[in-house]
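Some notes on the structure that comes next.
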Amino acid sequence: MSTVSELDAAGIHDPGLRDAYTRCRALHAEHGRSYYAATRVLPPGRRPAVHALYGFARWVDDIVDDHERDDVAALTQLDAIEDDLVTALDGGPARRPVVRAVADTAARYALDADYFTAFLASMRMDLRVTRYATYDELRAYMYGSAAVIGLQVLPVLGTSVPRERAAPHAAALGEAFQLTNFLRDVAEDLDRGRVYLPADVLAAHGADADLLARCRRRGVQDPRARAALAELVALNRAVYREAAPGVAMLHPVSRPCVGTAFHLYQGILDRIEAAGYDVWSRRHRVPRTRRARVVLPAFGRALTARLLTS
């Protein structure tokens, strides 16, 4: 379905606002292949809000990751974005299109402004924190960078139970997705000077950040790094199990979407395991054929749910 049809279905008619949402959709399509594929299973009217939330998060994350910027410049830009967002969330005009779209989504779905504050706080952490001593420290970071994304999306998806029952599972799913990203992107993160794998888990297997850096430089696995990665994949799968009951708590029309993302993202872990936890010589992705095998049946389930609930 086209961008125009999605925006019409969502009741978004203002030309400037439509352009803002279109920009978010493009960010989502370019950077979030698995997320974007899953979002296409949603009813059209719910998709623009997900595009806005993902687009905003990706846009800010790219500012933090931009190698051409120094930390002071990035912090200055984050401060300006937060000022713009606060103004827009209070009903004022937004100067930036992506901010305008996400503020409109926040108003439509009554999203808690504290979620955005927590997200931006974690983005600032990326400019001053490059190592995490323990998994608990990493989880504190992931609350703002990932768990709140699950909590923001939950009102868009809708629930079949009181939202507070589904919320912990939604937060866990956001965390699970990000842990998978960390495992997939170990090598790229090292190139940015960051290690998101907790030092205590690495140390339990005789590994540390220096060992990971050597694996990156040589493109070769080390048994100690492999053992640490295997433990972290197992930990990641445990977080997915924590999140799993939340899928059935969603509104029926949204379950196929989240179930699709749930399956596709665990497919990345499958690829990492099948490669012997080699995250140094390749970046693991779910093949297009597997994405199609997952997404196409989900379309059928989504259509059935829409017909049964209409």
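In the structure tokens, the first chain shown is A, the next is B, and so on; residue numbers restart at 1 for each chain, and ligands run from 1 in the order shown.
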
A:Arg46: which residues within 10 Å, counting only C-alpha atoms, same-chain residues fewer than 2 positions away excluded, as a ChimeraX atom specification? /A:6-7,9-10,39-40,42-44,48-51,156-158,254

Next, dump the selected residues to file, keeping only N, CA and C atoms, as a CSV table (one decimal), in the first residue's frame.
```csv
chain,number,residue,atom,x,y,z
A,6,GLU,N,-1.8,5.0,3.2
A,6,GLU,CA,-1.6,4.9,4.7
A,6,GLU,C,-2.0,6.2,5.4
A,7,LEU,N,-1.6,7.3,4.9
A,7,LEU,CA,-1.9,8.6,5.5
A,7,LEU,C,-3.4,8.9,5.5
A,9,ALA,N,-5.7,6.6,5.4
A,9,ALA,CA,-6.4,5.7,6.4
A,9,ALA,C,-6.2,6.2,7.8
A,10,ALA,N,-5.1,6.9,8.1
A,10,ALA,CA,-4.8,7.4,9.4
A,10,ALA,C,-5.4,8.7,9.7
A,39,THR,N,5.9,-4.1,10.0
A,39,THR,CA,4.9,-3.0,10.0
A,39,THR,C,3.9,-3.0,8.9
A,40,ARG,N,4.3,-3.6,7.8
A,40,ARG,CA,3.4,-3.6,6.6
A,40,ARG,C,2.3,-4.6,6.8
A,42,LEU,N,0.5,-4.5,9.6
A,42,LEU,CA,-0.5,-3.7,10.4
A,42,LEU,C,-1.6,-3.1,9.5
A,43,PRO,N,-2.8,-2.9,10.0
A,43,PRO,CA,-3.8,-2.1,9.3
A,43,PRO,C,-3.2,-0.8,8.8
A,44,PRO,N,-3.5,-0.3,7.7
A,44,PRO,CA,-2.8,0.9,7.1
A,44,PRO,C,-2.9,2.1,8.0
A,48,PRO,N,1.5,4.8,9.9
A,48,PRO,CA,2.2,6.0,10.0
A,48,PRO,C,2.8,6.3,11.4
A,49,ALA,N,2.0,6.0,12.4
A,49,ALA,CA,2.5,6.2,13.8
A,49,ALA,C,3.8,5.4,14.1
A,50,VAL,N,3.8,4.2,13.7
A,50,VAL,CA,5.0,3.3,13.9
A,50,VAL,C,6.1,3.9,13.1
A,51,HIS,N,5.9,4.3,11.8
A,51,HIS,CA,6.9,4.9,11.0
A,51,HIS,C,7.5,6.2,11.8
A,156,VAL,N,-0.3,2.3,20.1
A,156,VAL,CA,-0.6,2.3,18.6
A,156,VAL,C,-1.1,0.9,18.2
A,157,LEU,N,-0.5,-0.1,18.8
A,157,LEU,CA,-0.9,-1.5,18.4
A,157,LEU,C,-2.3,-1.9,19.1
A,158,GLY,N,-2.5,-1.3,20.3
A,158,GLY,CA,-3.8,-1.7,21.0
A,158,GLY,C,-3.6,-3.0,21.7
A,254,SER,N,-3.2,-6.5,15.5
A,254,SER,CA,-1.8,-6.2,15.6
A,254,SER,C,-0.9,-7.4,15.9
```

For stretch 3-45 of chain A versus stretch 95-108 of chain A, which residues have an atom no more than 12 Å away, and what is each residue's nearest atom pair and distance in Å rounded to one decimal, using only C-alpha atoms, chain-then-number order, as a Markdown table?
```
| residue | atom | partner | partner_atom | distance |
| --- | --- | --- | --- | --- |
| A:Leu7 | CA | A:Ala101 | CA | 11.6 |
| A:Ala10 | CA | A:Arg108 | CA | 10.2 |
| A:Gly11 | CA | A:Arg108 | CA | 10.6 |
| A:Ile12 | CA | A:Asp104 | CA | 9.6 |
| A:Asp14 | CA | A:Ala101 | CA | 11.2 |
| A:Pro15 | CA | A:Pro97 | CA | 11.6 |
| A:Gly16 | CA | A:Pro97 | CA | 8.2 |
| A:Leu17 | CA | A:Ala101 | CA | 6.4 |
| A:Arg18 | CA | A:Ala101 | CA | 8.3 |
| A:Asp19 | CA | A:Pro97 | CA | 7.6 |
| A:Ala20 | CA | A:Pro97 | CA | 4.7 |
| A:Tyr21 | CA | A:Ala101 | CA | 5.4 |
| A:Thr22 | CA | A:Ala101 | CA | 9.0 |
| A:Arg23 | CA | A:Val98 | CA | 7.0 |
| A:Cys24 | CA | A:Val98 | CA | 6.3 |
| A:Arg25 | CA | A:Val98 | CA | 10.0 |
| A:Ala26 | CA | A:Val98 | CA | 11.0 |
| A:Leu27 | CA | A:Val98 | CA | 9.8 |
| A:His28 | CA | A:Val98 | CA | 11.7 |
| A:Gly45 | CA | A:Thr105 | CA | 11.9 |
```

May I have the selected residues written with N, CA and C atoms, as a PDB file, in the first residue's frame?
```pdb
ATOM      1  N   LEU A   7      -1.574   7.314   4.867  1.00  0.00           N
ATOM      2  CA  LEU A   7      -1.874   8.592   5.504  1.00  0.00           C
ATOM      3  C   LEU A   7      -3.367   8.898   5.462  1.00  0.00           C
ATOM      4  N   ALA A  10      -5.059   6.892   8.070  1.00  0.00           N
ATOM      5  CA  ALA A  10      -4.782   7.395   9.423  1.00  0.00           C
ATOM      6  C   ALA A  10      -5.437   8.743   9.693  1.00  0.00           C
ATOM      7  N   GLY A  11      -6.067   9.315   8.675  1.00  0.00           N
ATOM      8  CA  GLY A  11      -6.721  10.607   8.862  1.00  0.00           C
ATOM      9  C   GLY A  11      -5.744  11.765   8.949  1.00  0.00           C
ATOM     10  N   ILE A  12      -4.612  11.637   8.277  1.00  0.00           N
ATOM     11  CA  ILE A  12      -3.586  12.686   8.263  1.00  0.00           C
ATOM     12  C   ILE A  12      -3.695  13.413   6.932  1.00  0.00           C
ATOM     13  N   ASP A  14      -3.173  17.198   6.545  1.00  0.00           N
ATOM     14  CA  ASP A  14      -2.388  18.423   6.385  1.00  0.00           C
ATOM     15  C   ASP A  14      -1.160  18.138   5.518  1.00  0.00           C
ATOM     16  N   PRO A  15      -0.926  18.909   4.445  1.00  0.00           N
ATOM     17  CA  PRO A  15       0.183  18.615   3.522  1.00  0.00           C
ATOM     18  C   PRO A  15       1.551  18.588   4.203  1.00  0.00           C
ATOM     19  N   GLY A  16       1.827  19.552   5.066  1.00  0.00           N
ATOM     20  CA  GLY A  16       3.114  19.572   5.750  1.00  0.00           C
ATOM     21  C   GLY A  16       3.298  18.380   6.661  1.00  0.00           C
ATOM     22  N   LEU A  17       2.235  17.995   7.348  1.00  0.00           N
ATOM     23  CA  LEU A  17       2.296  16.839   8.239  1.00  0.00           C
ATOM     24  C   LEU A  17       2.458  15.554   7.437  1.00  0.00           C
ATOM     25  N   ARG A  18       1.789  15.480   6.304  1.00  0.00           N
ATOM     26  CA  ARG A  18       1.951  14.303   5.439  1.00  0.00           C
ATOM     27  C   ARG A  18       3.400  14.176   4.974  1.00  0.00           C
ATOM     28  N   ASP A  19       4.019  15.303   4.623  1.00  0.00           N
ATOM     29  CA  ASP A  19       5.423  15.267   4.220  1.00  0.00           C
ATOM     30  C   ASP A  19       6.307  14.790   5.367  1.00  0.00           C
ATOM     31  N   ALA A  20       5.993  15.228   6.588  1.00  0.00           N
ATOM     32  CA  ALA A  20       6.784  14.823   7.753  1.00  0.00           C
ATOM     33  C   ALA A  20       6.675  13.317   7.982  1.00  0.00           C
ATOM     34  N   TYR A  21       5.480  12.779   7.910  1.00  0.00           N
ATOM     35  CA  TYR A  21       5.299  11.339   8.072  1.00  0.00           C
ATOM     36  C   TYR A  21       5.966  10.560   6.939  1.00  0.00           C
ATOM     37  N   THR A  22       5.920  11.109   5.738  1.00  0.00           N
ATOM     38  CA  THR A  22       6.554  10.443   4.601  1.00  0.00           C
ATOM     39  C   THR A  22       8.057  10.330   4.813  1.00  0.00           C
ATOM     40  N   ARG A  23       8.650  11.361   5.394  1.00  0.00           N
ATOM     41  CA  ARG A  23      10.083  11.309   5.696  1.00  0.00           C
ATOM     42  C   ARG A  23      10.376  10.214   6.716  1.00  0.00           C
ATOM     43  N   CYS A  24       9.536  10.094   7.721  1.00  0.00           N
ATOM     44  CA  CYS A  24       9.725   9.039   8.724  1.00  0.00           C
ATOM     45  C   CYS A  24       9.583   7.659   8.101  1.00  0.00           C
ATOM     46  N   ARG A  25       8.635   7.515   7.216  1.00  0.00           N
ATOM     47  CA  ARG A  25       8.447   6.221   6.546  1.00  0.00           C
ATOM     48  C   ARG A  25       9.684   5.843   5.743  1.00  0.00           C
ATOM     49  N   ALA A  26      10.299   6.835   5.077  1.00  0.00           N
ATOM     50  CA  ALA A  26      11.507   6.570   4.304  1.00  0.00           C
ATOM     51  C   ALA A  26      12.659   6.140   5.205  1.00  0.00           C
ATOM     52  N   LEU A  27      12.801   6.773   6.369  1.00  0.00           N
ATOM     53  CA  LEU A  27      13.826   6.370   7.324  1.00  0.00           C
ATOM     54  C   LEU A  27      13.608   4.930   7.786  1.00  0.00           C
ATOM     55  N   HIS A  28      12.364   4.602   8.058  1.00  0.00           N
ATOM     56  CA  HIS A  28      12.014   3.250   8.503  1.00  0.00           C
ATOM     57  C   HIS A  28      12.344   2.231   7.425  1.00  0.00           C
ATOM     58  N   GLY A  45      -4.001   2.282   8.705  1.00  0.00           N
ATOM     59  CA  GLY A  45      -4.153   3.468   9.517  1.00  0.00           C
ATOM     60  C   GLY A  45      -3.232   3.525  10.712  1.00  0.00           C
TER      61      GLY A  45
END
```

With stretch 80-87 of chain A as the partner and 9 Å as the cut-off, tabulate the residues of stretch 111-154 of chain A that qualify, each row holding the nearest pair of atoms and their distance in Å to one decimal, using only C-alpha atoms, sorted by chain and rising number, as a Markdown table.
```
| residue | atom | partner | partner_atom | distance |
| --- | --- | --- | --- | --- |
| A:Ala113 | CA | A:Val86 | CA | 8.3 |
| A:Phe116 | CA | A:Glu82 | CA | 8.6 |
| A:Thr117 | CA | A:Glu82 | CA | 8.1 |
| A:Leu120 | CA | A:Glu82 | CA | 7.6 |
```

Which one is closest to A:Asp136: A:Ala207, A:Val201, A:Val279, A:Val220? Count only C-alpha atoms. A:Val201

Which residues, written as a ChimeraX atom specification, have at least one atom at most 9 Å from A:Arg184, with only C-alpha atoms counted and residues fewer than 6 positions away on the same chain left out? /A:268-269,272,279,283-285

Excluding stretch 215-219 of chain A and its own-chain neighbours fewer than 4 positions away, which residues fall within 12 Å of it when counting only C-alpha atoms? Please give them as a ChimeraX atom specification. /A:185-191,193,195,207-211,223-226,277-283

Gap from atom CA of A:Ala228 to atom CA of A:Arg139 - Å, one decimal: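 Those two atoms sit 17.5 Å apart.
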
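You will find atom CA of A:Val239 at 13.8 Å from atom CA of A:Leu183.
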
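Proximity to A:Glu164 at 12 Å, evaluated using only C-alpha atoms and with sequence-adjacent residues fewer than 3 positions away removed, yields Leu151, Leu154, Pro155, Gly158, Thr159, Ser160, Val161, Ala167, Pro168, His169, Ala170, Ala171, Gly246, Met249 and Leu250 of chain A.
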
As a PyMOL selection string, list the residues of stretch 73-219 of chain A assigned to alpha helix (DSSP H) by DSSP on the backbone atoms of this structure. chain A and resi 73-89+97-109+113-125+135-142+148-157+163-184+186-191+199-203+209-218

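Residue nearest A:Pro198, chosen from A:Ala244, A:Ala172, A:Leu229, A:Leu138 and counting only C-alpha atoms: A:Leu138.
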
Would you pick out the contacts of A:Ala73 at 10 Å or less, using only C-alpha atoms, so that residues sharing its chain but fewer than 5 positions from it are not included, and give the list as a VMD selection string? chain A and resid 63 to 64 68 78 to 79

At a cut-off of 12 Å, using only C-alpha atoms, what residues contact A:Tyr141? Leave out same-chain residues fewer than 2 positions from it and give the result as a ChimeraX atom specification. /A:118-126,129-139,143-148,175,178-179,196,198

Pick from A:Ala248, A:Val258, A:Val4, A:Ala227: nearest to A:Gly206, with only C-alpha atoms counted?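 So, comparing all the options, the nearest one is A:Ala227.
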